[in-house]
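The next block holds one structure in the form of structure tokens; read it before the comments.
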Amino acid sequence: MSDLYDVVISGGGMVGMSLAIALARQGMSVAVIDKTNLSAQVQPAFDGRVSAVAYGSKCILDSIGAWAGMTAEAQPILDIRVVDGDRPFFLHYDHKEAGDVPLGYIVENRYIRAALQQAASLLPTLTLLDNQSPASIERDDVSVTLCLHSGQNLRCRLLVAADGKTSTIRSMVGIDALEWAYGQTAIVCTIAHEKPHHGLAQERFLPAGPFAVLPMQGNRSSLVWVEPEDRIPLYLELSEEEFVQEIQERVGNYLGTIQTVGPRFTYPLSLMHAKSYISHRVALIGDAAHAIHPIAGQGVNLGFRDVGVLSELIGERFRLGLDIGGDDVLASYQQWRRFDNVTMLAVTDGLNRLFGVNLLPVQLMRGFGLWAVGKMPPLKRFLMRHAMGLVGDLPKIIKENHWH
Ligand SMILES: Cc1cc2nc3c(=O)[nH]c(=O)nc-3n(C[C@H](O)[C@H](O)[C@H](O)COP(=O)(O)OP(=O)(O)OC[C@H]3O[C@@H](n4cnc5c(N)ncnc54)[C@H](O)[C@@H]3O)c2cc1C
């Protein structure tokens with residue numbers, strides 16, 4: 001005996017849950033399974049990270065009814081400053097040059113998850129099954145069945161893998177991936193500071209790795225501090241006073257005196273790109289398809305754009321009574337999303353390599369590059385709109401909600 005759905009999604013993180021809501025709002029019956037307890041995902045200890053939610057992603061979250069639940073916690077990004085180590089040249093983006101809307105928003109992941117779970121709980125055709133994991137997959141011409149370790153079988157037209165970088169579904173259907181470890185780990189923690197940040201996000205490229213200060217609501221910021229993995233134990237063992245001193249040296253004085261709030265989280269960094277996003281009646285989205293370096297704060301934004309595209313493509317077929325999991329729709333999804341994802345993957349990988357080089361000629365070239373971008377308004381505006389998620393072949397969900 002199987003339970004019958006239009007779509008089953010494995011992975012109820014930020015990306016999987018967004019897709020589930022986008023589809024259920026169009027009338028599809030959707031089941032989401034997750035191996036964790038979903039209520040644990042919104043606890044502070046589960047994930048210490050924030051996400052820089054690009055303006056285009058905010059449009060998606062808004063149109064699926066989830067933005068309202070996190071807006072009180074969302075800090076608008078009004079300026080971005082990119083600094084190369086201690087060098088005098090830096091690049092400055094001002095939201096006023098982008099049409100006077102915020103460049104994006106910083107939101108704690110736990111609040112994004114909470115708002116998505118709340119929006120999901122209001123949809124009668126959406127079933128959430130937590131503490132569940134897949135045991136096997138069975139496929140025929142017209143359907144796919146996800147068999148869970150609990151013994152429950154979920155039959156549907158389309159199975160979506162949103163189960164993150166180490167996707168079990170991706171392995172089960174035999175999709176290979178290009179993968180490498182950066183040998184870097186991100187230390188993430190929240191700081192409270194004396195002076196206001198005025199919505200400024202600062203990214204400083206240091207030889208050891210990027211160091212980002214991301215503004216949160218109030219006089220607080222989140223740090224993403226990337227270091228070679230062998231140095232991480234050193235920083236984790238520092239006393240609070242020594243740790244704050246290291247941070248203060250990297251942040252500088254623009255925020256006044258600093259203190260840490262809460263624990264130090266660590267995230268080892270690696271790249272992963274699935275060789276295909278699709279298999280018969282299966283689609284990969286979010287980090288299950290592509291996981292990138294956090295240097296530009298774009299990972300989950302790519303996942304939200306996957307959601308926008310896949311929900312548009314299968315929504316159209318659902319309304320016409322056509323097969324929502326057929327090979328044609330999956331091929332269209334892959335074709336639409338691959339270019340954007342590969343571009344961002346290459347850019348973030350390249351930036352990490354470029355700014356990791358400490359040779360003087362390379363430093364001079366980088367300084368010139370940052371200065372030159374600042375002096376070329378059309379190029380600067382293009383890069384700014386790219387970071388806002390407003391460039392390329394956008395799904396309707398962004399186009400129709402843009403500037404509203
Ligand atoms: C330090 C750091 C900072 C970052 N900052 C940003 C940023 O500012 N902006 C940005 O856009 N991106 C950022 N990212 C990237 C972003 O966090 C990821 O792209 C995003 O979390 C991917 O979401 P997801 O839902 O695809 O996958 P995940 O968050 O990995 O969620 C996967 C879900 O699947 C579930 N799952 C896993 N395995 C199974 C299984 N076998 N069965 C059932 N369920 C399963 C998990 O429990 C989880 O709920 C950052 C990443 C790092 C490491």
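Just remember, in the structure tokens the first chain shown is A, the second B, etc., residues are 1-based per chain, and ligands are 1-based in the order shown.
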What are the nearest atom pairs, with distances in Å to one decimal, for all residues of chain A that come at most 8 Å from ligand 1, using only C-alpha atoms and all ligand atoms, set out by chain and rising residue number as JSON lines?
```
{"residue": "A:Ser10", "atom": "CA", "partner": "ligand 1", "partner_atom_place_in_ligand_line": "43 (C)", "distance": 5.3}
{"residue": "A:Gly11", "atom": "CA", "partner": "ligand 1", "partner_atom_place_in_ligand_line": "34 (O)", "distance": 3.3}
{"residue": "A:Gly12", "atom": "CA", "partner": "ligand 1", "partner_atom_place_in_ligand_line": "49 (O)", "distance": 4.6}
{"residue": "A:Gly13", "atom": "CA", "partner": "ligand 1", "partner_atom_place_in_ligand_line": "49 (O)", "distance": 3.7}
{"residue": "A:Met14", "atom": "CA", "partner": "ligand 1", "partner_atom_place_in_ligand_line": "25 (O)", "distance": 4.2}
{"residue": "A:Val15", "atom": "CA", "partner": "ligand 1", "partner_atom_place_in_ligand_line": "25 (O)", "distance": 3.8}
{"residue": "A:Gly16", "atom": "CA", "partner": "ligand 1", "partner_atom_place_in_ligand_line": "25 (O)", "distance": 5.4}
{"residue": "A:Met17", "atom": "CA", "partner": "ligand 1", "partner_atom_place_in_ligand_line": "25 (O)", "distance": 7.5}
{"residue": "A:Ile33", "atom": "CA", "partner": "ligand 1", "partner_atom_place_in_ligand_line": "43 (C)", "distance": 5.7}
{"residue": "A:Asp34", "atom": "CA", "partner": "ligand 1", "partner_atom_place_in_ligand_line": "44 (N)", "distance": 3.6}
{"residue": "A:Lys35", "atom": "CA", "partner": "ligand 1", "partner_atom_place_in_ligand_line": "43 (C)", "distance": 4.0}
{"residue": "A:Thr36", "atom": "CA", "partner": "ligand 1", "partner_atom_place_in_ligand_line": "47 (O)", "distance": 5.0}
{"residue": "A:Leu38", "atom": "CA", "partner": "ligand 1", "partner_atom_place_in_ligand_line": "49 (O)", "distance": 7.6}
{"residue": "A:Gln41", "atom": "CA", "partner": "ligand 1", "partner_atom_place_in_ligand_line": "49 (O)", "distance": 7.4}
{"residue": "A:Arg49", "atom": "CA", "partner": "ligand 1", "partner_atom_place_in_ligand_line": "3 (C)", "distance": 6.1}
{"residue": "A:Val50", "atom": "CA", "partner": "ligand 1", "partner_atom_place_in_ligand_line": "8 (O)", "distance": 6.0}
{"residue": "A:Ser51", "atom": "CA", "partner": "ligand 1", "partner_atom_place_in_ligand_line": "8 (O)", "distance": 3.5}
{"residue": "A:Ala52", "atom": "CA", "partner": "ligand 1", "partner_atom_place_in_ligand_line": "8 (O)", "distance": 3.8}
{"residue": "A:Val53", "atom": "CA", "partner": "ligand 1", "partner_atom_place_in_ligand_line": "9 (N)", "distance": 5.9}
{"residue": "A:Ala54", "atom": "CA", "partner": "ligand 1", "partner_atom_place_in_ligand_line": "11 (O)", "distance": 7.3}
{"residue": "A:Ile106", "atom": "CA", "partner": "ligand 1", "partner_atom_place_in_ligand_line": "8 (O)", "distance": 7.4}
{"residue": "A:Asn109", "atom": "CA", "partner": "ligand 1", "partner_atom_place_in_ligand_line": "17 (O)", "distance": 8.0}
{"residue": "A:Asn131", "atom": "CA", "partner": "ligand 1", "partner_atom_place_in_ligand_line": "43 (C)", "distance": 7.8}
{"residue": "A:Gln132", "atom": "CA", "partner": "ligand 1", "partner_atom_place_in_ligand_line": "43 (C)", "distance": 6.1}
{"residue": "A:Ser133", "atom": "CA", "partner": "ligand 1", "partner_atom_place_in_ligand_line": "42 (N)", "distance": 4.1}
{"residue": "A:Pro134", "atom": "CA", "partner": "ligand 1", "partner_atom_place_in_ligand_line": "42 (N)", "distance": 5.7}
{"residue": "A:Ala162", "atom": "CA", "partner": "ligand 1", "partner_atom_place_in_ligand_line": "26 (O)", "distance": 5.4}
{"residue": "A:Asp163", "atom": "CA", "partner": "ligand 1", "partner_atom_place_in_ligand_line": "34 (O)", "distance": 3.4}
{"residue": "A:Gly164", "atom": "CA", "partner": "ligand 1", "partner_atom_place_in_ligand_line": "30 (O)", "distance": 3.5}
{"residue": "A:Lys165", "atom": "CA", "partner": "ligand 1", "partner_atom_place_in_ligand_line": "30 (O)", "distance": 6.0}
{"residue": "A:Thr166", "atom": "CA", "partner": "ligand 1", "partner_atom_place_in_ligand_line": "38 (N)", "distance": 7.0}
{"residue": "A:Ser167", "atom": "CA", "partner": "ligand 1", "partner_atom_place_in_ligand_line": "38 (N)", "distance": 5.9}
{"residue": "A:Thr168", "atom": "CA", "partner": "ligand 1", "partner_atom_place_in_ligand_line": "41 (N)", "distance": 4.9}
{"residue": "A:Ile169", "atom": "CA", "partner": "ligand 1", "partner_atom_place_in_ligand_line": "41 (N)", "distance": 7.2}
{"residue": "A:Thr185", "atom": "CA", "partner": "ligand 1", "partner_atom_place_in_ligand_line": "1 (C)", "distance": 8.0}
{"residue": "A:Ala186", "atom": "CA", "partner": "ligand 1", "partner_atom_place_in_ligand_line": "1 (C)", "distance": 5.2}
{"residue": "A:Ile187", "atom": "CA", "partner": "ligand 1", "partner_atom_place_in_ligand_line": "1 (C)", "distance": 7.1}
{"residue": "A:Val188", "atom": "CA", "partner": "ligand 1", "partner_atom_place_in_ligand_line": "1 (C)", "distance": 6.4}
{"residue": "A:Val224", "atom": "CA", "partner": "ligand 1", "partner_atom_place_in_ligand_line": "1 (C)", "distance": 6.0}
{"residue": "A:Thr266", "atom": "CA", "partner": "ligand 1", "partner_atom_place_in_ligand_line": "1 (C)", "distance": 7.4}
{"residue": "A:Tyr267", "atom": "CA", "partner": "ligand 1", "partner_atom_place_in_ligand_line": "53 (C)", "distance": 5.3}
{"residue": "A:Pro268", "atom": "CA", "partner": "ligand 1", "partner_atom_place_in_ligand_line": "53 (C)", "distance": 7.0}
{"residue": "A:Leu269", "atom": "CA", "partner": "ligand 1", "partner_atom_place_in_ligand_line": "53 (C)", "distance": 6.2}
{"residue": "A:Ile285", "atom": "CA", "partner": "ligand 1", "partner_atom_place_in_ligand_line": "26 (O)", "distance": 6.5}
{"residue": "A:Gly286", "atom": "CA", "partner": "ligand 1", "partner_atom_place_in_ligand_line": "26 (O)", "distance": 3.6}
{"residue": "A:Asp287", "atom": "CA", "partner": "ligand 1", "partner_atom_place_in_ligand_line": "26 (O)", "distance": 3.9}
{"residue": "A:Ala288", "atom": "CA", "partner": "ligand 1", "partner_atom_place_in_ligand_line": "26 (O)", "distance": 6.0}
{"residue": "A:Ala291", "atom": "CA", "partner": "ligand 1", "partner_atom_place_in_ligand_line": "19 (O)", "distance": 6.2}
{"residue": "A:Ile292", "atom": "CA", "partner": "ligand 1", "partner_atom_place_in_ligand_line": "15 (C)", "distance": 7.2}
{"residue": "A:His293", "atom": "CA", "partner": "ligand 1", "partner_atom_place_in_ligand_line": "51 (C)", "distance": 7.2}
{"residue": "A:Pro294", "atom": "CA", "partner": "ligand 1", "partner_atom_place_in_ligand_line": "4 (C)", "distance": 4.9}
{"residue": "A:Ile295", "atom": "CA", "partner": "ligand 1", "partner_atom_place_in_ligand_line": "5 (N)", "distance": 8.0}
{"residue": "A:Ala296", "atom": "CA", "partner": "ligand 1", "partner_atom_place_in_ligand_line": "8 (O)", "distance": 7.3}
{"residue": "A:Gly297", "atom": "CA", "partner": "ligand 1", "partner_atom_place_in_ligand_line": "7 (C)", "distance": 3.5}
{"residue": "A:Gln298", "atom": "CA", "partner": "ligand 1", "partner_atom_place_in_ligand_line": "11 (O)", "distance": 3.6}
{"residue": "A:Gly299", "atom": "CA", "partner": "ligand 1", "partner_atom_place_in_ligand_line": "19 (O)", "distance": 3.6}
{"residue": "A:Val300", "atom": "CA", "partner": "ligand 1", "partner_atom_place_in_ligand_line": "11 (O)", "distance": 3.6}
{"residue": "A:Asn301", "atom": "CA", "partner": "ligand 1", "partner_atom_place_in_ligand_line": "11 (O)", "distance": 4.3}
{"residue": "A:Leu302", "atom": "CA", "partner": "ligand 1", "partner_atom_place_in_ligand_line": "11 (O)", "distance": 6.9}
{"residue": "A:Gly303", "atom": "CA", "partner": "ligand 1", "partner_atom_place_in_ligand_line": "26 (O)", "distance": 5.9}
```
Set the distance at 7 Å and use only C-alpha atoms: which residues neighbour Ser311 of chain A once local chain neighbours fewer than 2 positions away are removed? I'd like the list as a count of residues only.
9
Under the rule of at most 12 Å, produce a per-residue listing of segment 102-178 of chain A near segment 60-83 of chain A: chain, number, name, the closest pair of atoms, and the distance in Å, as CSV, using only C-alpha atoms.
```
residue,atom,partner,partner_atom,distance
A:Pro102,CA,A:Leu78,CA,5.3
A:Leu103,CA,A:Ile77,CA,5.5
A:Gly104,CA,A:Ile77,CA,5.3
A:Tyr105,CA,A:Pro76,CA,4.4
A:Ile106,CA,A:Gln75,CA,5.1
A:Val107,CA,A:Ala74,CA,4.8
A:Glu108,CA,A:Glu73,CA,7.6
A:Asn109,CA,A:Met70,CA,10.0
A:Arg110,CA,A:Met70,CA,9.7
A:Tyr111,CA,A:Met70,CA,6.0
A:Ile112,CA,A:Met70,CA,6.2
A:Arg113,CA,A:Met70,CA,9.1
A:Ala114,CA,A:Gly69,CA,7.9
A:Ala115,CA,A:Gly69,CA,4.7
A:Leu116,CA,A:Ala66,CA,5.5
A:Gln117,CA,A:Ala66,CA,8.7
A:Gln118,CA,A:Gly69,CA,7.7
A:Ala119,CA,A:Ala66,CA,5.7
A:Ala120,CA,A:Ala66,CA,8.6
A:Ser121,CA,A:Ala66,CA,11.1
A:Leu122,CA,A:Gly65,CA,10.2
A:Leu123,CA,A:Gly65,CA,10.9
```
So that I have them on file, write out the residues from the current selection with N, CA and C atoms, as a PDB file, in the first residue's frame.
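Contents of out31.pdb, freshly written:
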```
ATOM      1  N   PRO A 102      16.466  47.672  -0.993  1.00  0.00           N
ATOM      2  CA  PRO A 102      17.629  47.029  -0.375  1.00  0.00           C
ATOM      3  C   PRO A 102      18.296  46.060  -1.347  1.00  0.00           C
ATOM      4  N   LEU A 103      19.615  45.908  -1.208  1.00  0.00           N
ATOM      5  CA  LEU A 103      20.350  44.981  -2.071  1.00  0.00           C
ATOM      6  C   LEU A 103      19.976  43.542  -1.714  1.00  0.00           C
ATOM      7  N   GLY A 104      19.524  43.361  -0.508  1.00  0.00           N
ATOM      8  CA  GLY A 104      19.111  42.045  -0.016  1.00  0.00           C
ATOM      9  C   GLY A 104      18.793  42.189   1.460  1.00  0.00           C
ATOM     10  N   TYR A 105      18.682  41.081   2.152  1.00  0.00           N
ATOM     11  CA  TYR A 105      18.334  41.093   3.576  1.00  0.00           C
ATOM     12  C   TYR A 105      19.167  40.038   4.284  1.00  0.00           C
ATOM     13  N   ILE A 106      19.583  40.329   5.497  1.00  0.00           N
ATOM     14  CA  ILE A 106      20.238  39.306   6.313  1.00  0.00           C
ATOM     15  C   ILE A 106      19.188  38.747   7.275  1.00  0.00           C
ATOM     16  N   VAL A 107      18.993  37.442   7.200  1.00  0.00           N
ATOM     17  CA  VAL A 107      18.016  36.795   8.086  1.00  0.00           C
ATOM     18  C   VAL A 107      18.668  35.536   8.676  1.00  0.00           C
ATOM     19  N   GLU A 108      18.466  35.319   9.972  1.00  0.00           N
ATOM     20  CA  GLU A 108      18.986  34.092  10.585  1.00  0.00           C
ATOM     21  C   GLU A 108      18.272  32.894   9.967  1.00  0.00           C
ATOM     22  N   ASN A 109      19.060  31.853   9.668  1.00  0.00           N
ATOM     23  CA  ASN A 109      18.469  30.669   9.023  1.00  0.00           C
ATOM     24  C   ASN A 109      17.294  30.110   9.829  1.00  0.00           C
ATOM     25  N   ARG A 110      17.432  30.184  11.157  1.00  0.00           N
ATOM     26  CA  ARG A 110      16.343  29.586  11.963  1.00  0.00           C
ATOM     27  C   ARG A 110      15.027  30.347  11.773  1.00  0.00           C
ATOM     28  N   TYR A 111      15.122  31.655  11.513  1.00  0.00           N
ATOM     29  CA  TYR A 111      13.883  32.412  11.289  1.00  0.00           C
ATOM     30  C   TYR A 111      13.320  32.137   9.894  1.00  0.00           C
ATOM     31  N   ILE A 112      14.216  31.905   8.928  1.00  0.00           N
ATOM     32  CA  ILE A 112      13.728  31.546   7.582  1.00  0.00           C
ATOM     33  C   ILE A 112      12.995  30.208   7.693  1.00  0.00           C
ATOM     34  N   ARG A 113      13.614  29.253   8.393  1.00  0.00           N
ATOM     35  CA  ARG A 113      12.988  27.926   8.538  1.00  0.00           C
ATOM     36  C   ARG A 113      11.654  28.024   9.269  1.00  0.00           C
ATOM     37  N   ALA A 114      11.632  28.834  10.349  1.00  0.00           N
ATOM     38  CA  ALA A 114      10.396  28.946  11.135  1.00  0.00           C
ATOM     39  C   ALA A 114       9.268  29.529  10.284  1.00  0.00           C
ATOM     40  N   ALA A 115       9.593  30.563   9.499  1.00  0.00           N
ATOM     41  CA  ALA A 115       8.553  31.195   8.672  1.00  0.00           C
ATOM     42  C   ALA A 115       8.061  30.223   7.600  1.00  0.00           C
ATOM     43  N   LEU A 116       8.986  29.452   7.028  1.00  0.00           N
ATOM     44  CA  LEU A 116       8.576  28.482   6.002  1.00  0.00           C
ATOM     45  C   LEU A 116       7.703  27.387   6.627  1.00  0.00           C
ATOM     46  N   GLN A 117       8.104  26.914   7.788  1.00  0.00           N
ATOM     47  CA  GLN A 117       7.310  25.854   8.436  1.00  0.00           C
ATOM     48  C   GLN A 117       5.912  26.355   8.793  1.00  0.00           C
ATOM     49  N   GLN A 118       5.857  27.617   9.225  1.00  0.00           N
ATOM     50  CA  GLN A 118       4.561  28.207   9.565  1.00  0.00           C
ATOM     51  C   GLN A 118       3.678  28.307   8.316  1.00  0.00           C
ATOM     52  N   ALA A 119       4.275  28.793   7.209  1.00  0.00           N
ATOM     53  CA  ALA A 119       3.501  28.909   5.955  1.00  0.00           C
ATOM     54  C   ALA A 119       3.061  27.530   5.482  1.00  0.00           C
ATOM     55  N   ALA A 120       3.930  26.539   5.642  1.00  0.00           N
ATOM     56  CA  ALA A 120       3.604  25.174   5.195  1.00  0.00           C
ATOM     57  C   ALA A 120       2.446  24.590   6.004  1.00  0.00           C
ATOM     58  N   SER A 121       2.420  24.923   7.299  1.00  0.00           N
ATOM     59  CA  SER A 121       1.404  24.317   8.176  1.00  0.00           C
ATOM     60  C   SER A 121      -0.017  24.780   7.818  1.00  0.00           C
ATOM     61  N   LEU A 122      -0.120  25.868   7.040  1.00  0.00           N
ATOM     62  CA  LEU A 122      -1.449  26.401   6.692  1.00  0.00           C
ATOM     63  C   LEU A 122      -2.026  25.764   5.426  1.00  0.00           C
ATOM     64  N   LEU A 123      -1.231  24.921   4.757  1.00  0.00           N
ATOM     65  CA  LEU A 123      -1.660  24.402   3.455  1.00  0.00           C
ATOM     66  C   LEU A 123      -2.224  22.982   3.585  1.00  0.00           C
TER      67      LEU A 123
END
```
Using only C-alpha atoms, can you tell me which of A:His290, A:Gly209, A:Asp140, A:Met28 comes closest to Glu227 of chain A?
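That would be A:Gly209, the residue with the smallest distance to Glu227 of chain A.
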Give me the residues near Glu249 of chain A as a list in words, where near means some atom within 12 Å (using only C-alpha atoms) and where sequence neighbours in that chain fewer than 3 positions away do not count.
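Here the qualifying residues turn out to be Gly85, Asp86, Arg204, Leu206, Phe211, Glu242, Phe243, Val244, Gln245, Glu246, Gly252, Asn253, Tyr254, Leu255, Gly256, Thr257 and Ile258 of chain A.
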Might you pull out every residue within 8 Å of Glu179 of chain A, with only C-alpha atoms counted and same-chain residues fewer than 2 positions away left off, and present them as a ChimeraX atom specification?
/A:177,181,270-273
Based on DSSP run over this structure's backbone, return all residues of segment 137-232 of chain A in strand (DSSP E), as a PyMOL selection string.
chain A and resi 137-139+144-148+153-156+158-161+177-193+200-206+209-216+220-228
A straight line from atom CA of Gly174 of chain A to atom CA of Asp349 of chain A spans 25.6 Å
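For the set A:Leu128, A:Ala135, A:Val32, A:Leu154, the residue with the smallest atom-to-atom gap to Ile9 of chain A is A:Val32, counting only C-alpha atoms.
As for atom CA of Leu284 of chain A and atom CA of Lys399 of chain A, they are spaced 23.3 Å apart.
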